[in-house]
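Peer 1: File run-v4.txt below, compact mmCIF, C-alpha atoms:
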```txt
# COMPACT_ATOMS: atom_id res chain seq x y z
CA MET Q 903 -4.01 17.43 24.46
CA ILE Q 904 -0.45 17.58 25.84
CA ILE Q 905 -1.21 14.74 28.25
CA GLY Q 906 -2.80 12.79 25.39
CA MET Q 907 0.33 13.33 23.28
CA ALA Q 908 2.50 12.12 26.17
CA ILE Q 909 0.31 9.01 26.53
CA LEU Q 910 0.58 8.25 22.79
CA ILE Q 911 4.38 8.58 22.93
CA ALA Q 912 4.48 6.44 26.09
CA PHE Q 913 2.59 3.69 24.23
CA GLN Q 914 4.98 4.03 21.28
CA VAL Q 915 8.04 3.80 23.55
CA THR Q 916 6.58 0.73 25.28
CA GLY Q 917 5.96 -0.83 21.85
CA GLU Q 918 9.52 -0.08 20.72
CA LEU Q 919 10.97 -1.52 23.93
CA LEU Q 920 8.90 -4.71 23.60
CA ALA Q 921 9.88 -5.04 19.92
CA VAL Q 922 13.59 -4.73 20.73
CA GLY Q 923 13.46 -6.68 24.01
CA PHE Q 924 11.64 -9.69 22.57
CA ARG Q 925 13.05 -9.30 19.04
CA LEU Q 926 9.52 -9.18 17.65
CA PRO Q 927 9.18 -8.92 13.86
CA VAL Q 928 6.51 -6.22 14.37
CA PRO Q 929 7.14 -2.45 14.25
CA GLY Q 930 7.14 -0.76 17.68
CA PRO Q 931 4.39 1.79 16.86
CA ILE Q 932 2.08 -1.08 15.78
CA ILE Q 933 2.62 -2.83 19.13
CA GLY Q 934 1.89 0.54 20.77
CA MET Q 935 -1.31 0.78 18.73
CA VAL Q 936 -2.43 -2.71 19.82
CA LEU Q 937 -1.62 -1.91 23.47
CA LEU Q 938 -3.64 1.31 23.28
CA LEU Q 939 -6.52 -0.58 21.68
CA LEU Q 940 -6.41 -3.20 24.47
CA TRP Q 941 -6.31 -0.43 27.08
CA MET Q 942 -9.41 1.21 25.60
CA GLN Q 943 -11.18 -2.15 25.26
CA GLY Q 944 -10.34 -2.87 28.90
CA SER Q 945 -11.59 0.45 30.22
CA GLY Q 946 -14.47 0.52 27.72
CA ARG Q 947 -13.91 4.18 26.81
CA ILE Q 948 -11.47 6.60 25.22
CA ASP Q 949 -9.52 8.92 27.47
CA THR Q 950 -10.52 12.47 26.40
CA SER Q 951 -6.95 13.79 26.19
CA VAL Q 952 -5.90 10.78 24.09
CA ALA Q 953 -8.95 11.31 21.86
CA SER Q 954 -8.18 14.99 21.25
CA ALA Q 955 -4.48 14.36 20.57
CA SER Q 956 -5.30 11.46 18.24
CA ASP Q 957 -7.97 13.37 16.32
CA ALA Q 958 -5.58 16.32 15.85
CA LEU Q 959 -2.77 14.05 14.64
CA LEU Q 960 -4.96 11.98 12.29
CA ALA Q 961 -6.75 15.02 10.84
CA ASN Q 962 -3.35 16.37 9.75
CA MET Q 963 -1.71 13.04 8.96
CA ALA Q 964 -1.18 13.88 5.28
CA VAL Q 965 1.52 16.48 6.00
CA LEU Q 966 3.49 13.89 7.99
CA PHE Q 967 4.14 11.92 4.77
CA VAL Q 968 5.78 14.88 3.01
CA PRO Q 969 9.36 14.64 4.43
CA VAL Q 970 9.53 10.94 3.48
CA GLY Q 971 7.97 11.62 0.07
CA VAL Q 972 10.64 14.23 -0.69
CA GLY Q 973 13.12 11.39 -0.08
CA ALA Q 974 12.15 10.16 -3.57
CA MET Q 975 14.76 12.65 -4.87
CA VAL Q 976 17.46 10.39 -3.48
CA TYR Q 977 16.00 7.49 -5.50
CA GLY Q 978 15.84 9.37 -8.81
CA GLU Q 979 17.98 6.67 -10.41
CA VAL Q 980 15.68 3.85 -9.19
CA PHE Q 981 12.64 5.68 -10.61
CA ARG Q 982 14.37 6.41 -13.93
CA ARG Q 983 15.45 2.82 -14.40
CA HIS Q 984 12.32 1.03 -13.15
CA TRP Q 985 9.54 3.54 -13.80
CA LEU Q 986 7.50 1.08 -15.89
CA LEU Q 987 7.69 -1.70 -13.30
CA ILE Q 988 6.83 0.75 -10.50
CA ALA Q 989 3.90 2.25 -12.45
CA ILE Q 990 2.44 -1.16 -13.38
CA ALA Q 991 2.98 -2.58 -9.88
CA VAL Q 992 1.32 0.38 -8.14
CA VAL Q 993 -1.65 0.68 -10.54
CA VAL Q 994 -2.34 -3.04 -11.12
CA GLY Q 995 -1.68 -3.94 -7.46
CA THR Q 996 -4.10 -1.26 -6.28
CA VAL Q 997 -6.82 -2.24 -8.79
CA VAL Q 998 -6.47 -5.93 -7.86
CA THR Q 999 -6.65 -5.15 -4.12
CA ILE Q 1000 -9.72 -2.91 -4.45
CA ALA Q 1001 -11.57 -5.39 -6.69
CA THR Q 1002 -10.72 -8.47 -4.59
CA THR Q 1003 -11.63 -6.85 -1.26
CA ALA Q 1004 -14.95 -5.46 -2.56
CA LEU Q 1005 -16.02 -8.62 -4.42
CA VAL Q 1006 -15.07 -11.05 -1.64
CA ALA Q 1007 -16.79 -8.89 1.00
CA LYS Q 1008 -19.87 -8.55 -1.23
CA PHE Q 1009 -20.00 -12.31 -1.87
CA LEU Q 1010 -19.78 -13.09 1.85
CA THR Q 1011 -22.42 -10.50 2.76
CA ARG Q 1012 -24.81 -11.96 0.20
CA SER Q 1013 -24.28 -15.54 1.28
CA ARG Q 1014 -25.01 -14.41 4.84
CA THR Q 1015 -28.33 -12.84 3.84
CA PRO Q 1016 -29.54 -14.73 0.75
CA ALA Q 1017 -32.91 -12.97 0.89
CA ALA Q 1018 -31.25 -9.66 -0.04
CA ALA Q 1019 -29.38 -11.12 -3.01
CA HIS Q 1020 -31.93 -10.02 -5.60
CA VAL Q 1021 -32.39 -6.50 -4.33
CA SER Q 1022 -29.24 -4.87 -5.63
CA SER Q 1023 -29.19 -6.53 -9.08
CA MET Z 1301 23.01 31.93 0.13
CA PHE Z 1302 20.14 29.43 -0.06
CA ASN Z 1303 22.48 26.76 1.15
CA GLN Z 1304 23.26 28.69 4.32
CA LEU Z 1305 19.56 29.31 4.89
CA MET Z 1306 18.72 25.63 4.43
CA ALA Z 1307 21.38 24.72 6.97
CA GLN Z 1308 19.10 26.20 9.62
CA PRO Z 1309 16.72 23.36 10.64
CA LEU Z 1310 13.95 25.91 11.04
CA ILE Z 1311 13.93 26.80 7.33
CA PRO Z 1312 13.15 23.31 5.89
CA LEU Z 1313 10.57 22.90 8.67
CA ALA Z 1314 8.82 26.17 7.85
CA LEU Z 1315 9.19 25.52 4.11
CA THR Z 1316 7.48 22.11 4.41
CA LEU Z 1317 4.55 23.52 6.37
CA GLY Z 1318 4.26 26.55 4.07
CA VAL Z 1319 4.35 24.49 0.87
CA PHE Z 1320 1.82 22.03 2.30
CA ALA Z 1321 -0.53 24.86 3.31
CA ALA Z 1322 -0.33 26.24 -0.24
CA ALA Z 1323 -0.85 22.76 -1.72
CA THR Z 1324 -3.91 22.24 0.50
CA PHE Z 1325 -5.29 25.52 -0.79
CA VAL Z 1326 -4.75 24.44 -4.42
CA SER Z 1327 -6.31 21.04 -3.67
CA GLY Z 1328 -9.38 22.69 -2.13
CA TRP Z 1329 -9.60 25.21 -4.94
CA SER Z 1330 -9.68 22.38 -7.50
CA LYS Z 1331 -12.52 20.79 -5.46
CA GLY Z 1332 -10.37 17.78 -4.55
CA HIS Z 1333 -9.38 16.75 -8.08
CA PRO Z 1334 -7.45 13.43 -7.75
CA PHE Z 1335 -4.29 14.82 -9.32
CA ALA Z 1336 -4.40 17.96 -7.19
CA ASN Z 1337 -3.41 15.81 -4.20
CA SER Z 1338 -1.85 17.95 -1.46
CA VAL Z 1339 0.90 15.42 -0.67
CA LEU Z 1340 1.76 14.99 -4.37
CA ILE Z 1341 1.93 18.75 -4.99
CA SER Z 1342 4.02 19.35 -1.85
CA VAL Z 1343 6.50 16.58 -2.64
CA CYS Z 1344 6.99 17.76 -6.25
CA ALA Z 1345 7.30 21.42 -5.24
CA LEU Z 1346 9.80 20.68 -2.47
CA ILE Z 1347 11.95 18.42 -4.69
CA LEU Z 1348 11.98 21.24 -7.26
CA ILE Z 1349 12.98 23.83 -4.64
CA LEU Z 1350 15.73 21.59 -3.21
CA SER Z 1351 17.07 20.86 -6.71
CA ILE Z 1352 17.16 24.54 -7.67
CA THR Z 1353 18.85 25.58 -4.43
CA GLN Z 1354 21.13 22.50 -4.62
CA THR Z 1355 20.20 21.48 -1.11
CA PRO Z 1356 21.03 17.86 -0.23
CA TYR Z 1357 18.13 15.78 1.12
CA GLU Z 1358 19.98 15.15 4.41
CA GLN Z 1359 20.12 18.88 5.06
CA TYR Z 1360 16.42 19.25 4.32
CA PHE Z 1361 15.56 16.26 6.52
CA ALA Z 1362 17.53 17.71 9.45
CA GLY Z 1363 14.71 20.23 9.76
CA ALA Z 1364 11.81 18.21 8.35
CA GLN Z 1365 12.43 15.35 10.80
CA PHE Z 1366 10.45 17.25 13.42
CA ILE Z 1367 7.36 16.67 11.26
CA HIS Z 1368 8.44 13.14 10.39
CA PHE Z 1369 8.83 12.29 14.09
CA LEU Z 1370 5.07 12.62 14.59
CA LEU Z 1371 4.38 9.58 12.36
CA GLY Z 1372 5.11 7.26 15.33
CA PRO Z 1373 2.50 8.74 17.70
CA ALA Z 1374 0.10 9.07 14.71
CA THR Z 1375 0.36 5.32 14.11
CA VAL Z 1376 -0.40 4.64 17.78
CA ALA Z 1377 -3.31 7.09 17.44
CA LEU Z 1378 -4.89 4.88 14.73
CA ALA Z 1379 -6.12 2.75 17.64
CA VAL Z 1380 -8.71 5.47 18.40
CA PRO Z 1381 -10.75 5.27 15.14
CA LEU Z 1382 -10.23 1.49 15.25
CA PHE Z 1383 -11.77 1.37 18.75
CA ARG Z 1384 -14.65 3.61 17.69
CA HIS Z 1385 -15.58 1.32 14.79
CA LEU Z 1386 -14.75 -2.02 16.35
CA HIS Z 1387 -18.44 -2.75 17.03
CA ARG Z 1388 -18.97 -2.77 13.27
CA VAL Z 1389 -16.65 -5.76 12.97
CA ARG Z 1390 -18.90 -7.79 15.24
CA ALA Z 1391 -21.89 -6.90 13.06
CA ALA Z 1392 -20.16 -8.04 9.85
CA ALA Z 1393 -17.15 -10.03 10.99
CA LEU Z 1394 -16.99 -12.47 8.06
CA PRO Z 1395 -17.02 -10.01 5.12
CA VAL Z 1396 -14.77 -7.57 7.01
CA LEU Z 1397 -12.04 -9.98 8.05
CA VAL Z 1398 -12.06 -12.30 5.01
CA GLY Z 1399 -12.46 -9.36 2.60
CA ILE Z 1400 -9.46 -7.52 4.06
CA GLY Z 1401 -7.40 -10.72 4.23
CA ALA Z 1402 -8.18 -11.71 0.65
CA GLY Z 1403 -7.60 -8.18 -0.65
CA SER Z 1404 -4.23 -7.85 1.12
CA ALA Z 1405 -3.12 -11.30 -0.04
CA SER Z 1406 -4.10 -10.55 -3.66
CA GLY Z 1407 -2.17 -7.27 -3.48
CA VAL Z 1408 0.99 -8.98 -2.21
CA LEU Z 1409 0.69 -11.77 -4.80
CA SER Z 1410 0.15 -9.31 -7.66
CA ILE Z 1411 3.39 -7.50 -6.73
CA VAL Z 1412 5.31 -10.78 -6.55
CA VAL Z 1413 3.94 -11.85 -9.96
CA ILE Z 1414 4.47 -8.45 -11.63
CA THR Z 1415 8.06 -7.99 -10.41
CA TRP Z 1416 8.87 -11.59 -11.35
CA ALA Z 1417 7.30 -11.22 -14.83
CA LEU Z 1418 9.11 -7.93 -15.49
CA GLY Z 1419 12.59 -9.16 -14.71
CA GLY Z 1420 12.63 -10.32 -11.10
CA GLN Z 1421 13.57 -7.09 -9.34
CA GLU Z 1422 13.41 -8.69 -5.93
CA ASN Z 1423 14.95 -5.60 -4.30
CA LEU Z 1424 12.06 -3.50 -5.53
CA ALA Z 1425 9.48 -6.14 -4.59
CA THR Z 1426 10.49 -5.97 -0.92
CA SER Z 1427 9.75 -2.24 -0.90
CA LEU Z 1428 6.60 -2.57 -3.06
CA VAL Z 1429 4.66 -5.32 -1.23
CA THR Z 1430 3.79 -3.04 1.68
CA LYS Z 1431 2.42 -0.30 -0.59
CA SER Z 1432 -1.21 -0.71 0.54
CA VAL Z 1433 -0.22 -0.15 4.18
CA THR Z 1434 -0.17 3.38 5.59
CA ALA Z 1435 3.31 4.92 5.20
CA PRO Z 1436 4.47 4.94 8.85
CA VAL Z 1437 3.75 1.22 9.08
CA SER Z 1438 5.03 0.24 5.62
CA MET Z 1439 8.34 1.95 6.35
CA ALA Z 1440 8.59 -0.10 9.53
CA ILE Z 1441 7.70 -3.42 7.85
CA ALA Z 1442 9.80 -3.10 4.68
CA PRO Z 1443 13.27 -3.21 6.37
CA GLN Z 1444 12.23 -6.45 8.10
CA ILE Z 1445 11.84 -8.19 4.75
CA GLY Z 1446 14.88 -6.55 3.16
CA GLY Z 1447 13.21 -3.49 1.65
CA MET Z 1448 14.08 0.18 2.02
CA ALA Z 1449 12.03 2.26 4.46
CA SER Z 1450 11.94 5.48 2.46
CA LEU Z 1451 11.14 3.72 -0.84
CA ALA Z 1452 8.35 1.76 0.87
CA ALA Z 1453 6.92 4.99 2.28
CA ILE Z 1454 7.03 6.67 -1.14
CA PHE Z 1455 5.26 3.67 -2.72
CA SER Z 1456 2.60 3.86 0.01
CA VAL Z 1457 1.99 7.53 -0.73
CA LEU Z 1458 1.87 6.81 -4.51
CA THR Z 1459 -0.59 3.95 -3.95
CA GLY Z 1460 -2.76 6.15 -1.75
CA MET Z 1461 -2.93 8.74 -4.54
CA ILE Z 1462 -3.82 6.16 -7.23
CA GLY Z 1463 -6.44 4.48 -5.05
CA ALA Z 1464 -8.02 7.79 -4.03
CA ALA Z 1465 -8.04 8.96 -7.66
CA PHE Z 1466 -9.50 5.87 -9.36
CA GLY Z 1467 -10.96 3.68 -6.58
CA PRO Z 1468 -14.51 5.08 -6.51
CA ALA Z 1469 -14.88 4.88 -10.33
CA LEU Z 1470 -13.56 1.30 -10.31
CA LEU Z 1471 -16.05 0.34 -7.58
CA ASN Z 1472 -18.89 1.89 -9.62
CA ARG Z 1473 -17.85 -0.12 -12.65
CA LEU Z 1474 -17.80 -3.32 -10.58
CA GLY Z 1475 -21.32 -2.61 -9.37
CA ILE Z 1476 -20.24 -2.24 -5.72
CA GLU Z 1477 -22.86 -0.01 -4.05
CA ASP Z 1478 -22.88 -1.00 -0.37
CA ASN Z 1479 -20.98 1.41 1.90
CA LEU Z 1480 -19.54 -1.59 3.74
CA HIS Z 1481 -17.87 -2.99 0.61
CA ARG Z 1482 -16.80 0.37 -0.82
CA GLY Z 1483 -15.21 1.44 2.47
CA LEU Z 1484 -13.44 -1.87 3.05
CA ALA Z 1485 -11.95 -1.86 -0.46
CA MET Z 1486 -10.70 1.74 -0.25
CA GLY Z 1487 -9.12 1.33 3.21
CA THR Z 1488 -7.50 -2.01 2.40
CA ALA Z 1489 -5.98 -0.85 -0.91
CA SER Z 1490 -5.12 2.78 -0.27
CA HIS Z 1491 -5.05 3.40 3.51
CA GLY Z 1492 -5.49 6.95 4.83
CA GLN Z 1493 -5.64 8.70 1.47
CA GLY Z 1494 -8.35 6.28 0.28
CA THR Z 1495 -10.21 6.80 3.55
CA ALA Z 1496 -10.12 10.57 3.16
CA ARG Z 1497 -11.50 10.20 -0.38
CA ILE Z 1498 -14.39 7.81 0.42
CA LEU Z 1499 -15.27 9.95 3.46
CA GLN Z 1500 -16.42 12.59 0.96
CA GLU Z 1501 -19.05 10.07 -0.24
CA SER Z 1502 -20.35 8.79 3.05
CA GLU Z 1503 -19.48 8.85 6.75
CA GLU Z 1504 -20.33 5.15 7.04
CA ALA Z 1505 -18.06 4.15 4.15
CA GLY Z 1506 -15.33 6.29 5.73
CA ALA Z 1507 -15.69 4.44 9.03
CA PHE Z 1508 -15.34 1.06 7.33
CA SER Z 1509 -12.37 2.40 5.37
CA ALA Z 1510 -10.64 3.58 8.58
CA LEU Z 1511 -11.30 0.18 10.08
CA ALA Z 1512 -9.92 -1.64 7.02
CA MET Z 1513 -6.85 0.61 7.01
CA GLY Z 1514 -6.09 -0.19 10.66
CA LEU Z 1515 -6.70 -3.92 10.30
CA THR Z 1516 -4.64 -4.09 7.10
CA ALA Z 1517 -1.72 -2.38 8.84
CA LEU Z 1518 -2.01 -4.77 11.77
CA LEU Z 1519 -2.42 -7.86 9.60
CA MET Z 1520 0.50 -7.01 7.31
CA ALA Z 1521 2.80 -6.03 10.20
CA LEU Z 1522 2.08 -9.29 11.99
CA LEU Z 1523 2.04 -11.70 9.04
CA LEU Z 1524 4.15 -10.32 6.20
CA PRO Z 1525 7.63 -10.81 7.76
CA VAL Z 1526 6.72 -14.45 8.45
CA LEU Z 1527 4.94 -15.09 5.12
CA TRP Z 1528 7.66 -13.39 3.07
CA LYS Z 1529 10.17 -16.09 4.07
CA LEU Z 1530 7.68 -18.71 2.86
CA ILE Z 1531 7.11 -16.89 -0.45
CA LEU Z 1532 10.85 -16.71 -1.10
CA ALA Z 1533 11.37 -20.34 -0.12
```
Would you mind writing the structure in this file as structure tokens?

Peer 2:
Amino acid sequence: MIIGMAILIAFQVTGELLAVGFRLPVPGPIIGMVLLLLWMQGSGRIDTSVASASDALLANMAVLFVPVGVGAMVYGEVFRRHWLLIAIAVVVGTVVTIATTALVAKFLTRSRTPAAAHVSS
Amino acid sequence: MFNQLMAQPLIPLALTLGVFAAATFVSGWSKGHPFANSVLISVCALILILSITQTPYEQYFAGAQFIHFLLGPATVALAVPLFRHLHRVRAAALPVLVGIGAGSASGVLSIVVITWALGGQENLATSLVTKSVTAPVSMAIAPQIGGMASLAAIFSVLTGMIGAAFGPALLNRLGIEDNLHRGLAMGTASHGQGTARILQESEEAGAFSALAMGLTALLMALLLPVLWKLILA
């Protein structure tokens, strides 16, 4: 668990260093994520300490958003002035994304297996 | 008196964990009602407490940053569920990749159109376009296109709540029954919170949602900074 945590942080640090060193327009933690993915693909398995640290972190990920969320208090003015725009953008944007993803994926699955097209309707 | 207490980093830290534990209890007690979201309850309760005790956010964050710090390793850790479900991509590569790509693009475009139609708040748009990406990643992408990290993170959390609350009903209405399509849509639109919600329906849908969430984060982090310049041009 502790070793797994150290490995995760090591990947993050490597990602941050690469992002700064090569001036990449990609966040350091994302580069760290890709590197970890490549490492696991290369070795063909997940290191047990990395797996236990990751599962613990991801199972409790929700609480990690709280300190940033409380930061909304600093933007009270932005929310008061643009609440309608923000509400419409978040709701409509989310509905559009869900519908587009589901319908496009469904269309492509059907066209791949035309025989199954009649089953669900 | 409260002000002196809050000046101790340990107090905001303990307060955040305590409030979140209570919020999780309420959320469980309400059987996961969409509006009884543990993050939403915690954020509202903490803002209320800080306002009453007149504690500045900076003072609160001095303690809460120890929780916040873990977002970096948690983002790296997303590689683990991604690796576990990567074989599913090979089985359905076309619907997975094109579905996520089309969904993300439509989300970005809808924000551009909405902000333009409602008065061209370009400043807000740069913090809003990353809203479907999980908060630690959206707050890293937004500054690269001129947005504000904390606003982007708040919009991500808001989007996660909306998607988790209304996504499954919307998918029912659209006649989407396959776990593959339901999971992809939830993960692409509302990241971790959507994944947690669809996981209650089916393990398989949850796996596709986790996959979509990871790929969306990757796709947006790699492409958005480049594409944004083209959109503005």

Peer 1: Counting all atoms listed in the file, which residues from chain Z have an atom at most 7 Å from any atom of chain Q, and could you show them as a VMD selection string?

Peer 2: chain Z and resid 1320 1339 1342 to 1343 1346 to 1347 1357 1361 1364 1367 to 1368 1370 to 1380 1383 1394 to 1396 1399 to 1400 1402 to 1404 1406 to 1407 1410 to 1411 1414 to 1415 1418 1440 to 1441 1444 1450 1453 to 1454 1459 1462 to 1463 1476 1481 to 1482 1484 to 1486 1489 1518 1521 to 1522 1525

Peer 1: What is the atom CA of Phe1455 of chain Z-atom CA of Leu1524 of chain Z distance in Å, reported with one decimal?

Peer 2: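 So the two atoms, atom CA of Phe1455 of chain Z and atom CA of Leu1524 of chain Z, lie 16.6 Å apart.
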
Peer 1: Have a look at atom CA of Leu1527 of chain Z and atom CA of Met1448 of chain Z and let me know their distance in Å, one decimal.

Peer 2: 18.1 Å

Peer 1: Measure the distance from atom CA of Ile1498 of chain Z to atom CA of Lys1331 of chain Z in Å and round it to one decimal.

Peer 2: 14.4 Å

Peer 1: Excluding same-chain residues fewer than 4 positions from segment 1500-1513 of chain Z, what lies within 7 Å of it counting all atoms listed in the file, as a list of chain:residue names?

Peer 2: Z:Pro1381, Z:Leu1382, Z:His1385, Z:Ile1400, Z:Asn1479, Z:Leu1480, Z:Arg1482, Z:Gly1483, Z:Leu1484, Z:Met1486, Z:Gly1487, Z:Thr1488, Z:His1491, Z:Gly1492, Z:Thr1495, Z:Ala1496, Z:Ala1517

Peer 1: Write the residues you've just listed into a file as a PDB file, in the coordinates of the input, and include C-alpha atoms for each of them.

Peer 2:
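Result went into out36.pdb, see below:
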```
ATOM      1  CA  PRO Z1381     -10.750   5.270  15.140  1.00  0.00           C
ATOM      2  CA  LEU Z1382     -10.230   1.490  15.250  1.00  0.00           C
ATOM      3  CA  HIS Z1385     -15.580   1.320  14.790  1.00  0.00           C
ATOM      4  CA  ILE Z1400      -9.460  -7.520   4.060  1.00  0.00           C
ATOM      5  CA  ASN Z1479     -20.980   1.410   1.900  1.00  0.00           C
ATOM      6  CA  LEU Z1480     -19.540  -1.590   3.740  1.00  0.00           C
ATOM      7  CA  ARG Z1482     -16.800   0.370  -0.820  1.00  0.00           C
ATOM      8  CA  GLY Z1483     -15.210   1.440   2.470  1.00  0.00           C
ATOM      9  CA  LEU Z1484     -13.440  -1.870   3.050  1.00  0.00           C
ATOM     10  CA  MET Z1486     -10.700   1.740  -0.250  1.00  0.00           C
ATOM     11  CA  GLY Z1487      -9.120   1.330   3.210  1.00  0.00           C
ATOM     12  CA  THR Z1488      -7.500  -2.010   2.400  1.00  0.00           C
ATOM     13  CA  HIS Z1491      -5.050   3.400   3.510  1.00  0.00           C
ATOM     14  CA  GLY Z1492      -5.490   6.950   4.830  1.00  0.00           C
ATOM     15  CA  THR Z1495     -10.210   6.800   3.550  1.00  0.00           C
ATOM     16  CA  ALA Z1496     -10.120  10.570   3.160  1.00  0.00           C
ATOM     17  CA  ALA Z1517      -1.720  -2.380   8.840  1.00  0.00           C
TER      18      ALA Z1517
END
```

Peer 1: What are the centre and edge lengths in Å, to one decimal, of the axis-aligned box around all listed atoms of segment 1483-1499 of chain Z with 3 Å added on each side, as AutoDock Vina command-line options?

Peer 2:
```
--center_x -10.2 --center_y 4.3 --center_z 2.0 --size_x 16.2 --size_y 18.6 --size_z 11.7
```

Peer 1: Can you tell me, as a list in words, what residues are no more than 12 Å from Val1412 of chain Z when counting all atoms listed in the file, ignoring any on the same chain fewer than 4 positions away?

Peer 2: Leu987, Ala991, Val992, Val994 and Gly995 of chain Q; Ala1405, Ser1406, Gly1407, Val1408, Trp1416, Ala1417, Leu1418, Gly1419, Gly1420, Gln1421, Glu1422, Asn1423, Leu1424, Ala1425, Thr1426, Ser1427, Leu1428, Val1429, Thr1430, Trp1528, Ile1531 and Leu1532 of chain Z

Peer 1: Taking (1.6, 22.4, -2.3) in the coordinates of the supplied file, I want to know which residues reach to within 9 Å of it, counting all atoms listed in the file; could you give the answer as a CSV table (one decimal) with C-alpha atoms, keeping the file's coordinate frame?

Peer 2:
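Output file out_10.csv follows:
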```
chain,number,residue,atom,x,y,z
Z,1316,THR,CA,7.5,22.1,4.4
Z,1318,GLY,CA,4.3,26.6,4.1
Z,1319,VAL,CA,4.4,24.5,0.9
Z,1320,PHE,CA,1.8,22.0,2.3
Z,1321,ALA,CA,-0.5,24.9,3.3
Z,1322,ALA,CA,-0.3,26.2,-0.2
Z,1323,ALA,CA,-0.8,22.8,-1.7
Z,1324,THR,CA,-3.9,22.2,0.5
Z,1325,PHE,CA,-5.3,25.5,-0.8
Z,1326,VAL,CA,-4.8,24.4,-4.4
Z,1327,SER,CA,-6.3,21.0,-3.7
Z,1336,ALA,CA,-4.4,18.0,-7.2
Z,1337,ASN,CA,-3.4,15.8,-4.2
Z,1338,SER,CA,-1.8,18.0,-1.5
Z,1339,VAL,CA,0.9,15.4,-0.7
Z,1340,LEU,CA,1.8,15.0,-4.4
Z,1341,ILE,CA,1.9,18.8,-5.0
Z,1342,SER,CA,4.0,19.4,-1.8
Z,1343,VAL,CA,6.5,16.6,-2.6
Z,1344,CYS,CA,7.0,17.8,-6.2
Z,1345,ALA,CA,7.3,21.4,-5.2
Z,1346,LEU,CA,9.8,20.7,-2.5
```

Peer 1: Give me, as a compact mmCIF listing (two decimals) with C-alpha atoms, in the coordinates of the input, all polymer residues having an atom no more than 7 Å from Ala1464 of chain Z, counting all atoms listed in the file and skipping those fewer than 4 positions away in the same chain.

Peer 2:
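Result file is result-v9.txt:
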```txt
# COMPACT_ATOMS: atom_id res chain seq x y z
CA PRO Z 1334 -7.45 13.43 -7.75
CA GLY Z 1460 -2.76 6.15 -1.75
CA SER Z 1490 -5.12 2.78 -0.27
CA GLN Z 1493 -5.64 8.70 1.47
CA GLY Z 1494 -8.35 6.28 0.28
CA ARG Z 1497 -11.50 10.20 -0.38
```

Peer 1: From the set Q:Arg983, Q:Arg925, Q:Thr950, Q:Leu920, which residue has the shortest atom-to-atom contact distance to Ile905 of chain Q, counting all atoms listed in the file?

Peer 2: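 Ranking Q:Arg983, Q:Arg925, Q:Thr950, Q:Leu920 by distance to Ile905 of chain Q, first place goes to Q:Thr950.
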